[in-house]
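Content type mmCIF, C-alpha atoms, from the file target-v3.cif:
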```cif
data_coords
loop_
_atom_site.label_atom_id
_atom_site.label_comp_id
_atom_site.auth_asym_id
_atom_site.auth_seq_id
_atom_site.Cartn_x
_atom_site.Cartn_y
_atom_site.Cartn_z
CA MET A 1 17.80 -3.78 -83.21
CA ASN A 2 16.21 -7.20 -83.72
CA ALA A 3 13.23 -6.88 -86.07
CA SER A 4 11.11 -8.82 -83.59
CA GLN A 5 11.53 -5.94 -81.11
CA ILE A 6 9.99 -3.44 -83.54
CA LYS A 7 6.24 -3.27 -83.03
CA PRO A 8 3.89 -1.74 -85.61
CA ILE A 9 1.92 1.29 -84.46
CA CYS A 10 -0.97 0.03 -86.56
CA ARG A 11 -1.04 -3.20 -88.53
CA PRO A 12 -1.90 -2.85 -92.22
CA SER A 13 -5.36 -4.05 -93.16
CA ASP A 14 -7.81 -4.00 -96.05
CA GLU A 15 -10.27 -2.34 -93.68
CA PRO A 16 -10.01 1.36 -92.79
CA MET A 17 -8.17 2.18 -89.59
CA LEU A 18 -10.62 3.50 -86.99
CA ALA A 19 -9.72 6.80 -85.31
CA ALA A 20 -11.16 8.87 -82.48
CA VAL A 21 -10.38 12.57 -82.70
CA PHE A 22 -10.14 14.83 -79.63
CA VAL A 23 -10.85 18.54 -80.17
CA SER A 24 -11.23 21.64 -78.01
CA GLY A 25 -11.41 24.45 -80.56
CA SER A 26 -11.92 25.17 -84.25
CA GLY A 27 -11.11 21.67 -85.44
CA THR A 28 -9.22 22.70 -88.57
CA ASN A 29 -6.80 19.78 -88.35
CA PHE A 30 -9.71 17.41 -87.73
CA ILE A 31 -11.36 18.67 -90.93
CA ALA A 32 -8.13 18.30 -92.91
CA ILE A 33 -7.78 14.69 -91.73
CA TYR A 34 -11.46 13.94 -92.37
CA GLU A 35 -11.40 15.40 -95.89
CA GLU A 36 -8.28 13.47 -96.88
CA GLY A 37 -9.88 10.25 -95.66
CA LYS A 38 -13.02 10.92 -97.70
CA ARG A 39 -10.92 11.80 -100.76
CA ARG A 40 -9.07 8.50 -100.51
CA GLU A 41 -12.26 6.56 -99.92
CA ALA A 42 -14.00 8.12 -102.94
CA ALA A 43 -10.97 7.48 -105.16
CA GLY A 44 -10.60 3.88 -103.97
CA VAL A 45 -7.19 4.71 -102.55
CA LYS A 46 -5.96 2.65 -99.64
CA PRO A 47 -4.96 2.98 -96.87
CA TYR A 48 -7.04 5.53 -95.03
CA ALA A 49 -8.48 6.19 -91.61
CA GLU A 50 -12.16 6.46 -90.80
CA ILE A 51 -13.18 8.78 -87.97
CA GLY A 52 -15.50 6.81 -85.70
CA ALA A 53 -16.08 9.51 -83.08
CA VAL A 54 -15.09 13.00 -82.03
CA PHE A 55 -14.60 13.77 -78.34
CA THR A 56 -14.47 17.24 -76.84
CA ASN A 57 -13.83 18.61 -73.37
CA ALA A 58 -15.35 21.92 -74.51
CA PRO A 59 -18.98 21.22 -75.46
CA GLY A 60 -20.20 23.46 -78.25
CA CYS A 61 -16.74 24.21 -79.64
CA VAL A 62 -16.57 24.79 -83.39
CA GLY A 63 -14.78 21.50 -84.06
CA ALA A 64 -17.51 19.50 -82.32
CA LEU A 65 -20.24 21.38 -84.19
CA LYS A 66 -18.52 20.64 -87.51
CA ALA A 67 -18.31 16.95 -86.64
CA ALA A 68 -22.01 16.84 -85.79
CA GLU A 69 -22.84 18.48 -89.14
CA LEU A 70 -20.84 15.74 -90.87
CA GLY A 71 -22.82 13.04 -89.06
CA ILE A 72 -19.90 11.90 -86.91
CA PRO A 73 -20.81 10.85 -83.35
CA VAL A 74 -19.79 13.64 -80.96
CA LEU A 75 -19.12 12.89 -77.31
CA SER A 76 -18.75 15.73 -74.82
CA LEU A 77 -17.53 15.98 -71.26
CA SER A 78 -16.85 19.46 -69.93
CA SER A 79 -13.49 19.42 -68.18
CA LYS A 80 -14.35 22.74 -66.51
CA LEU A 81 -17.52 21.36 -64.92
CA PHE A 82 -15.95 17.96 -64.19
CA PHE A 83 -13.06 19.28 -62.11
CA SER A 84 -15.26 21.90 -60.47
CA SER A 85 -17.72 19.22 -59.35
CA LEU A 86 -14.86 17.24 -57.80
CA GLY A 87 -13.40 20.32 -56.13
CA LYS A 88 -10.07 19.42 -57.75
CA ASP A 89 -7.45 21.40 -59.60
CA PRO A 90 -7.43 20.56 -63.35
CA ASP A 91 -3.78 19.49 -62.99
CA ASP A 92 -4.48 17.05 -60.15
CA GLU A 93 -3.13 13.73 -61.46
CA GLU A 94 -5.69 11.50 -59.78
CA ALA A 95 -8.57 13.64 -60.98
CA ARG A 96 -7.02 13.71 -64.46
CA ASP A 97 -7.20 9.93 -64.59
CA TYR A 98 -10.85 10.04 -63.51
CA PHE A 99 -11.57 12.45 -66.36
CA ASP A 100 -9.64 10.36 -68.87
CA ALA A 101 -11.43 7.20 -67.73
CA GLU A 102 -14.79 8.85 -68.32
CA SER A 103 -13.57 10.15 -71.69
CA SER A 104 -12.37 6.75 -72.90
CA ALA A 105 -15.58 5.10 -71.66
CA LEU A 106 -17.62 7.56 -73.73
CA ILE A 107 -15.49 6.93 -76.80
CA GLU A 108 -15.61 3.16 -76.41
CA SER A 109 -19.39 3.23 -76.06
CA VAL A 110 -19.41 4.25 -79.73
CA CYS A 111 -16.29 2.67 -81.23
CA THR A 112 -13.04 0.91 -80.39
CA PRO A 113 -10.42 3.16 -82.00
CA ASP A 114 -7.11 1.96 -83.38
CA ILE A 115 -5.63 5.39 -82.71
CA ILE A 116 -6.49 8.61 -80.91
CA ILE A 117 -5.74 11.87 -82.71
CA LEU A 118 -5.27 15.03 -80.65
CA ALA A 119 -6.37 17.77 -83.06
CA GLY A 120 -6.17 20.94 -81.01
CA TYR A 121 -7.12 19.21 -77.76
CA ARG A 122 -6.38 21.51 -74.83
CA ARG A 123 -6.14 18.98 -72.05
CA ARG A 124 -2.99 17.09 -71.11
CA LEU A 125 -3.66 13.37 -71.06
CA GLY A 126 -2.62 11.29 -68.07
CA GLY A 127 -1.20 7.83 -67.62
CA MET A 128 -4.57 6.08 -67.67
CA ILE A 129 -5.45 6.81 -71.28
CA LEU A 130 -1.85 6.95 -72.56
CA GLY A 131 -1.24 3.51 -71.09
CA ARG A 132 -4.46 2.14 -72.52
CA TYR A 133 -3.52 3.44 -75.97
CA ARG A 134 0.23 3.05 -75.73
CA ASN A 135 1.95 4.24 -78.95
CA ARG A 136 -1.46 5.05 -80.45
CA VAL A 137 -2.03 8.66 -79.37
CA VAL A 138 -0.78 11.14 -81.96
CA ASN A 139 -0.44 14.89 -81.65
CA LEU A 140 0.94 17.83 -83.62
CA TYR A 141 3.12 20.77 -82.62
CA PRO A 142 3.39 23.81 -84.97
CA GLY A 143 7.16 23.79 -84.73
CA ASP A 144 10.25 21.58 -84.59
CA ILE A 145 10.09 19.61 -81.34
CA THR A 146 13.81 18.82 -81.49
CA LYS A 147 14.82 22.45 -80.85
CA GLY A 148 16.31 23.16 -77.45
CA TYR A 149 14.94 26.69 -77.11
CA LEU A 150 11.24 25.74 -76.89
CA VAL A 151 9.27 26.96 -73.88
CA ARG A 152 5.58 26.71 -73.04
CA GLY A 153 3.25 29.63 -73.51
CA VAL A 154 4.99 31.25 -76.49
CA ASP A 155 4.01 30.64 -80.11
CA ALA A 156 6.36 28.26 -81.89
CA SER A 157 6.67 30.78 -84.73
CA VAL A 158 7.74 33.56 -82.35
CA GLN A 159 10.33 31.32 -80.72
CA ALA A 160 11.75 30.31 -84.11
CA ILE A 161 12.00 33.95 -85.24
CA ARG A 162 13.69 34.93 -81.95
CA ALA A 163 16.17 32.08 -82.44
CA GLY A 164 17.07 33.36 -85.90
CA GLU A 165 15.66 30.36 -87.74
CA ARG A 166 15.30 30.73 -91.50
CA SER A 167 12.34 28.36 -91.65
CA ILE A 168 10.02 26.33 -89.42
CA ARG A 169 8.61 22.81 -89.63
CA CYS A 170 5.64 21.43 -87.71
CA THR A 171 5.93 17.96 -86.18
CA VAL A 172 3.56 15.01 -85.75
CA TYR A 173 4.60 12.93 -82.75
CA LEU A 174 3.47 10.25 -80.32
CA GLU A 175 2.11 11.53 -77.03
CA ARG A 176 3.93 10.47 -73.85
CA GLU A 177 3.23 10.84 -70.14
CA ASN A 178 5.21 13.39 -68.11
CA VAL A 179 7.20 14.70 -71.07
CA ARG A 180 6.24 17.51 -73.39
CA PHE A 181 6.92 15.66 -76.63
CA GLY A 182 7.19 11.98 -77.45
CA PRO A 183 9.06 10.57 -80.48
CA ALA A 184 8.65 12.44 -83.75
CA ILE A 185 6.90 10.63 -86.59
CA VAL A 186 7.09 13.15 -89.42
CA GLN A 187 7.84 16.81 -90.02
CA SER A 188 6.36 19.10 -92.64
CA GLU A 189 8.23 20.79 -95.42
CA PRO A 190 10.04 23.93 -94.19
CA ILE A 191 7.96 27.11 -94.15
CA SER A 192 10.12 30.16 -94.81
CA LEU A 193 10.40 32.81 -92.09
CA ALA A 194 12.27 35.24 -94.33
CA GLY A 195 11.15 38.82 -93.79
CA TYR A 196 8.89 38.06 -90.83
CA LYS A 197 9.18 39.60 -87.37
CA GLU A 198 7.67 38.60 -84.02
CA GLY A 199 4.72 40.89 -84.63
CA ASP A 200 3.84 38.89 -87.75
CA SER A 201 3.07 35.76 -85.75
CA GLU A 202 -0.58 35.51 -86.84
CA THR A 203 0.41 35.63 -90.51
CA VAL A 204 3.15 33.06 -89.96
CA ASN A 205 0.84 30.81 -87.91
CA GLU A 206 -1.65 30.79 -90.79
CA LEU A 207 1.15 29.77 -93.16
CA ILE A 208 2.18 26.99 -90.78
CA ARG A 209 -1.40 25.71 -90.75
CA SER A 210 -2.02 25.86 -94.50
CA ARG A 211 1.42 24.77 -95.71
CA GLY A 212 2.34 22.48 -92.85
CA GLU A 213 -0.31 21.16 -90.47
CA TRP A 214 -3.11 20.54 -92.96
CA LYS A 215 -0.76 18.56 -95.19
CA VAL A 216 1.47 16.64 -92.82
CA PHE A 217 -1.13 15.59 -90.23
CA PRO A 218 -3.42 13.88 -92.81
CA TYR A 219 -0.35 12.29 -94.40
CA ALA A 220 0.82 10.91 -91.07
CA VAL A 221 -2.61 9.51 -90.19
CA HIS A 222 -3.68 8.02 -93.52
CA GLU A 223 -0.46 7.12 -95.31
CA LEU A 224 2.00 6.30 -92.54
CA ILE A 225 -0.08 5.06 -89.60
CA ALA A 226 -3.11 3.54 -91.37
CA GLY A 227 -0.72 2.14 -93.96
CA GLY A 228 1.07 0.14 -91.29
CA ARG A 229 4.36 1.68 -92.36
CA LEU A 230 5.47 2.83 -88.91
CA GLY A 231 7.05 0.77 -86.15
CA ILE A 232 8.55 1.55 -82.77
CA ASP A 233 11.08 -0.26 -80.59
CA THR A 234 11.51 -0.43 -76.83
CA ASP A 235 13.81 2.62 -76.88
CA ASP A 236 11.16 4.77 -78.61
CA ASN A 237 12.96 4.77 -81.94
CA ILE A 238 10.58 5.17 -84.89
CA TYR A 239 10.92 3.04 -88.03
CA LEU A 240 9.46 3.74 -91.46
CA ASP A 241 9.19 0.69 -93.72
CA GLY A 242 11.68 -1.03 -91.43
CA ARG A 243 14.23 1.80 -91.59
CA LYS A 244 15.14 3.62 -88.39
CA LEU A 245 14.42 7.34 -88.52
CA GLY A 246 16.37 10.14 -86.87
CA LYS A 247 15.06 12.19 -83.98
CA GLU A 248 13.26 14.56 -86.40
CA GLY A 249 11.20 11.73 -87.90
CA TYR A 250 10.43 11.43 -91.60
CA GLN A 251 10.90 14.62 -93.61
CA TYR A 252 7.74 15.13 -95.67
CA ARG A 253 8.25 16.37 -99.22
CA GLY A 254 4.69 16.85 -100.42
#
```

Rewrite the structure from the file as structure tokens, please.
Amino acid sequence: MNASQIKPICRPSDEPMLAAVFVSGSGTNFIAIYEEGKRREAAGVKPYAEIGAVFTNAPGCVGALKAAELGIPVLSLSSKLFFSSLGKDPDDEEARDYFDAESSALIESVCTPDIIILAGYRRRLGGMILGRYRNRVVNLYPGDITKGYLVRGVDASVQAIRAGERSIRCTVYLERENVRFGPAIVQSEPISLAGYKEGDSETVNELIRSRGEWKVFPYAVHELIAGGRLGIDTDDNIYLDGRKLGKEGYQYRG
């Protein structure tokens, strides 16, 4: 691949990268990302991302309340009321683009983000916003997105245990339209599944959050993306420091 065909996801800068975070629930990943940014800022460590706004489709959710307490601008647009007022199904593609247009307009009334972070956002984005922020919408899945056994509606931990996996990794990836997962950026260290059964999913999910998500998501945002270390080519291959990564992305080692 010609180096000129590799485009940076975010160009390195002496200024903090500006992020907008989308939440629908508790906002634990949002808090982990926020706290790591503040830690870096206080220590004079660069790079880092600054959260310019938090958007929610579920007004009053815990994540939005936490953001407001931290003094971060919070923008709300109830997806339930929005689609109801249109008389449209929430999965209607045209209506989805209307909702996303309103969402991005709200965000951009406050800041112009370099990236959008989906931190427990329970709405599928459509082509309008994914096109507007091409290669700049990042998400996390609490499992290995390269596995062929994944289905919707079942916890990643349960699926891994059913498949006989010895460990599980969560994955930060770029969001894409009309596919479940875009290209992987980075995966967490493996979290052992030894001794756990399907009925232990809540315990395992908490381990995935504390040992995986809350470490690898901040690392991806602040170190890899804000640091300008990631690139992508026209075939959706991810590059770290100019080196092409495999389909699993970079393997985080803590």

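Applied to the shown file, the PyMOL selection byres ((chain A and resi 164) around 12) selects the residues Tyr149, Ser157, Val158, Gln159, Ala160, Ile161, Arg162, Ala163, Glu165, Arg166, Ser167, Ile168, Ser192, Leu193, Ala194, Gly195, Tyr196, Lys197 and Glu198 of chain A.
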
Tell me, in Å to one decimal, how far CA of His222 (chain A) is from CA of Gly37 (chain A). 6.9 Å

Go through region 60-89 of chain A and flag each residue having an atom no more than 10 Å from region 109-123 of chain A; for those, report the closest pair of atoms plus their distance in Å to one decimal, using all atoms listed in the file, ordered by chain and rising number, as a tab-separated table.
```
residue	atom	partner	partner_atom	distance
A:Gly63	CA	A:Gly120	CA	9.2
A:Pro73	CA	A:Val110	CA	7.7
A:Val74	CA	A:Val110	CA	9.5
A:Leu75	CA	A:Val110	CA	9.0
A:Ser79	CA	A:Arg123	CA	8.3
```

Got time to write the residues from that selection, C-alpha atoms, as an mmCIF file, keeping the file's coordinate frame?
```cif
data_model
loop_
_atom_site.group_PDB
_atom_site.id
_atom_site.type_symbol
_atom_site.label_atom_id
_atom_site.label_comp_id
_atom_site.auth_asym_id
_atom_site.auth_seq_id
_atom_site.Cartn_x
_atom_site.Cartn_y
_atom_site.Cartn_z
ATOM 1 C CA GLY A 63 -14.780 21.500 -84.060
ATOM 2 C CA PRO A 73 -20.810 10.850 -83.350
ATOM 3 C CA VAL A 74 -19.790 13.640 -80.960
ATOM 4 C CA LEU A 75 -19.120 12.890 -77.310
ATOM 5 C CA SER A 79 -13.490 19.420 -68.180
#
```

Quote the spacing between CA of Cys61 (chain A) and CA of Asn29 (chain A) in Å to one decimal place.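 Going from CA of Cys61 (chain A) over to CA of Asn29 (chain A), I get 13.9 Å.
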
In Å, with one decimal, what is the gap from CA of Tyr250 (chain A) to CA of Glu213 (chain A)?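 Result for CA of Tyr250 (chain A) versus CA of Glu213 (chain A): 14.5 Å, one decimal.
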
Set the distance at 10 Å and use only C-alpha atoms: which residues neighbour Met17 (chain A) once local chain neighbours fewer than 4 positions away are removed? I'd like the list as a PDB file with C-alpha atoms, in the frame of the given file.
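File part_8.pdb, as written:
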```pdb
ATOM      1  CA  CYS A  10      -0.970   0.030 -86.560  1.00  0.00           C
ATOM      2  CA  ARG A  11      -1.040  -3.200 -88.530  1.00  0.00           C
ATOM      3  CA  PRO A  12      -1.900  -2.850 -92.220  1.00  0.00           C
ATOM      4  CA  SER A  13      -5.360  -4.050 -93.160  1.00  0.00           C
ATOM      5  CA  PRO A  47      -4.960   2.980 -96.870  1.00  0.00           C
ATOM      6  CA  TYR A  48      -7.040   5.530 -95.030  1.00  0.00           C
ATOM      7  CA  ALA A  49      -8.480   6.190 -91.610  1.00  0.00           C
ATOM      8  CA  GLU A  50     -12.160   6.460 -90.800  1.00  0.00           C
ATOM      9  CA  ILE A  51     -13.180   8.780 -87.970  1.00  0.00           C
ATOM     10  CA  GLY A  52     -15.500   6.810 -85.700  1.00  0.00           C
ATOM     11  CA  PRO A 113     -10.420   3.160 -82.000  1.00  0.00           C
ATOM     12  CA  ASP A 114      -7.110   1.960 -83.380  1.00  0.00           C
ATOM     13  CA  ILE A 115      -5.630   5.390 -82.710  1.00  0.00           C
ATOM     14  CA  VAL A 221      -2.610   9.510 -90.190  1.00  0.00           C
ATOM     15  CA  HIS A 222      -3.680   8.020 -93.520  1.00  0.00           C
ATOM     16  CA  ILE A 225      -0.080   5.060 -89.600  1.00  0.00           C
ATOM     17  CA  ALA A 226      -3.110   3.540 -91.370  1.00  0.00           C
ATOM     18  CA  GLY A 227      -0.720   2.140 -93.960  1.00  0.00           C
ATOM     19  CA  GLY A 228       1.070   0.140 -91.290  1.00  0.00           C
TER      20      GLY A 228
END
```

Just so the selection is clear, what residues does the PyMOL selection byres ((chain A and resi 215) around 10) cover here, as a ChimeraX atom specification? /A:29,32-33,36,188-189,208-214,216-220,252,254

Output file for the residues above (C-alpha atoms, as a PDB file, keeping the file's coordinate frame):
```
ATOM      1  CA  ASN A  29      -6.800  19.780 -88.350  1.00  0.00           C
ATOM      2  CA  ALA A  32      -8.130  18.300 -92.910  1.00  0.00           C
ATOM      3  CA  ILE A  33      -7.780  14.690 -91.730  1.00  0.00           C
ATOM      4  CA  GLU A  36      -8.280  13.470 -96.880  1.00  0.00           C
ATOM      5  CA  SER A 188       6.360  19.100 -92.640  1.00  0.00           C
ATOM      6  CA  GLU A 189       8.230  20.790 -95.420  1.00  0.00           C
ATOM      7  CA  ILE A 208       2.180  26.990 -90.780  1.00  0.00           C
ATOM      8  CA  ARG A 209      -1.400  25.710 -90.750  1.00  0.00           C
ATOM      9  CA  SER A 210      -2.020  25.860 -94.500  1.00  0.00           C
ATOM     10  CA  ARG A 211       1.420  24.770 -95.710  1.00  0.00           C
ATOM     11  CA  GLY A 212       2.340  22.480 -92.850  1.00  0.00           C
ATOM     12  CA  GLU A 213      -0.310  21.160 -90.470  1.00  0.00           C
ATOM     13  CA  TRP A 214      -3.110  20.540 -92.960  1.00  0.00           C
ATOM     14  CA  VAL A 216       1.470  16.640 -92.820  1.00  0.00           C
ATOM     15  CA  PHE A 217      -1.130  15.590 -90.230  1.00  0.00           C
ATOM     16  CA  PRO A 218      -3.420  13.880 -92.810  1.00  0.00           C
ATOM     17  CA  TYR A 219      -0.350  12.290 -94.400  1.00  0.00           C
ATOM     18  CA  ALA A 220       0.820  10.910 -91.070  1.00  0.00           C
ATOM     19  CA  TYR A 252       7.740  15.130 -95.670  1.00  0.00           C
ATOM     20  CA  GLY A 254       4.690  16.850-100.420  1.00  0.00           C
TER      21      GLY A 254
END
```

Can you translate the PyMOL selection byres ((chain A and resi 143) around 9) into the concrete residues it hits in this file, as a PyMOL selection string? chain A and resi 140-142+144-147+155-157+160+168-171+187+208

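Nearest to Pro59 (chain A) of all the residues A:Leu77, A:Val179, A:Ile9, A:Val45 is A:Leu77, based on all atoms listed in the file.
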
Exercise: Asp233 (chain A) partners within 7 Å, only C-alpha atoms, chain neighbours under 4 positions left out, as a list in words: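 Counting only C-alpha atoms, the residues come to Gln5, Ile6, Lys7, Asn237 and Ile238 of chain A.
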
Considering all atoms listed in the file, can you say which of A:Glu94, A:Asp236, A:Glu108, A:Asp100 comes closest to Ala19 (chain A)?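 Among the listed residues, the smallest separation from Ala19 (chain A) belongs to A:Glu108.
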
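Proximity ranking of A:Ala101, A:Leu207, A:Val186, A:Leu224 relative to Gln251 (chain A) places A:Val186 first, based on only C-alpha atoms.
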
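Considering the residues A:Arg253, A:Lys247, A:Arg136, A:Arg40 and counting only C-alpha atoms, Ile185 (chain A) has its shortest atom-to-atom contact with A:Lys247.
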
Between A:Phe55, A:Phe181, A:Tyr173, A:Tyr133, single out the one closest to Val151 (chain A), counting all atoms listed in the file.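 When distances to Val151 (chain A) are compared using all atoms listed in the file, the smallest one comes from A:Phe181.
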
If you count all atoms listed in the file, the residue of A:Ala53, A:Ala58, A:Arg180, A:Lys88 closest to Ser104 (chain A) turns out to be A:Ala53

Polymer residues at most 9 Å from Lys66 (chain A), only C-alpha atoms, same-chain spacing of 4 or more positions, as a ChimeraX atom specification: /A:26-27,31,61-62,70-72

N, CA, C and O atoms are needed for region 188-201 of chain A; please write them out as a PDB file, in the frame of the given file.
```pdb
ATOM      1  N   SER A 188       6.812  18.478 -91.394  1.00  0.00           N
ATOM      2  CA  SER A 188       6.360  19.100 -92.640  1.00  0.00           C
ATOM      3  C   SER A 188       7.542  19.632 -93.444  1.00  0.00           C
ATOM      4  O   SER A 188       8.673  19.701 -92.960  1.00  0.00           O
ATOM      5  N   GLU A 189       7.249  20.037 -94.654  1.00  0.00           N
ATOM      6  CA  GLU A 189       8.230  20.790 -95.420  1.00  0.00           C
ATOM      7  C   GLU A 189       8.526  22.106 -94.692  1.00  0.00           C
ATOM      8  O   GLU A 189       7.670  22.612 -93.957  1.00  0.00           O
ATOM      9  N   PRO A 190       9.716  22.660 -94.874  1.00  0.00           N
ATOM     10  CA  PRO A 190      10.040  23.930 -94.190  1.00  0.00           C
ATOM     11  C   PRO A 190       9.200  25.083 -94.707  1.00  0.00           C
ATOM     12  O   PRO A 190       8.981  25.210 -95.917  1.00  0.00           O
ATOM     13  N   ILE A 191       8.694  25.896 -93.800  1.00  0.00           N
ATOM     14  CA  ILE A 191       7.960  27.110 -94.150  1.00  0.00           C
ATOM     15  C   ILE A 191       8.887  28.287 -93.891  1.00  0.00           C
ATOM     16  O   ILE A 191       9.388  28.478 -92.781  1.00  0.00           O
ATOM     17  N   SER A 192       9.137  29.077 -94.911  1.00  0.00           N
ATOM     18  CA  SER A 192      10.120  30.160 -94.810  1.00  0.00           C
ATOM     19  C   SER A 192       9.670  31.225 -93.813  1.00  0.00           C
ATOM     20  O   SER A 192       8.503  31.614 -93.762  1.00  0.00           O
ATOM     21  N   LEU A 193      10.634  31.710 -93.026  1.00  0.00           N
ATOM     22  CA  LEU A 193      10.400  32.810 -92.090  1.00  0.00           C
ATOM     23  C   LEU A 193      11.059  34.104 -92.582  1.00  0.00           C
ATOM     24  O   LEU A 193      11.068  35.101 -91.853  1.00  0.00           O
ATOM     25  N   ALA A 194      11.567  34.079 -93.789  1.00  0.00           N
ATOM     26  CA  ALA A 194      12.270  35.240 -94.330  1.00  0.00           C
ATOM     27  C   ALA A 194      11.373  36.471 -94.358  1.00  0.00           C
ATOM     28  O   ALA A 194      10.254  36.434 -94.877  1.00  0.00           O
ATOM     29  N   GLY A 195      11.871  37.556 -93.768  1.00  0.00           N
ATOM     30  CA  GLY A 195      11.150  38.820 -93.790  1.00  0.00           C
ATOM     31  C   GLY A 195      10.123  39.002 -92.694  1.00  0.00           C
ATOM     32  O   GLY A 195       9.525  40.075 -92.574  1.00  0.00           O
ATOM     33  N   TYR A 196       9.900  37.957 -91.884  1.00  0.00           N
ATOM     34  CA  TYR A 196       8.890  38.060 -90.830  1.00  0.00           C
ATOM     35  C   TYR A 196       9.515  38.431 -89.490  1.00  0.00           C
ATOM     36  O   TYR A 196      10.626  38.017 -89.172  1.00  0.00           O
ATOM     37  N   LYS A 197       8.759  39.206 -88.711  1.00  0.00           N
ATOM     38  CA  LYS A 197       9.180  39.600 -87.370  1.00  0.00           C
ATOM     39  C   LYS A 197       8.196  39.011 -86.348  1.00  0.00           C
ATOM     40  O   LYS A 197       7.163  38.448 -86.710  1.00  0.00           O
ATOM     41  N   GLU A 198       8.522  39.151 -85.073  1.00  0.00           N
ATOM     42  CA  GLU A 198       7.670  38.600 -84.020  1.00  0.00           C
ATOM     43  C   GLU A 198       6.230  39.084 -84.125  1.00  0.00           C
ATOM     44  O   GLU A 198       5.289  38.328 -83.869  1.00  0.00           O
ATOM     45  N   GLY A 199       6.053  40.333 -84.517  1.00  0.00           N
ATOM     46  CA  GLY A 199       4.720  40.890 -84.630  1.00  0.00           C
ATOM     47  C   GLY A 199       3.892  40.306 -85.756  1.00  0.00           C
ATOM     48  O   GLY A 199       2.683  40.566 -85.855  1.00  0.00           O
ATOM     49  N   ASP A 200       4.537  39.515 -86.618  1.00  0.00           N
ATOM     50  CA  ASP A 200       3.840  38.890 -87.750  1.00  0.00           C
ATOM     51  C   ASP A 200       3.375  37.478 -87.409  1.00  0.00           C
ATOM     52  O   ASP A 200       3.061  36.701 -88.314  1.00  0.00           O
ATOM     53  N   SER A 201       3.315  37.151 -86.131  1.00  0.00           N
ATOM     54  CA  SER A 201       3.070  35.760 -85.750  1.00  0.00           C
ATOM     55  C   SER A 201       1.755  35.206 -86.295  1.00  0.00           C
ATOM     56  O   SER A 201       1.689  34.045 -86.696  1.00  0.00           O
TER      57      SER A 201
END
```
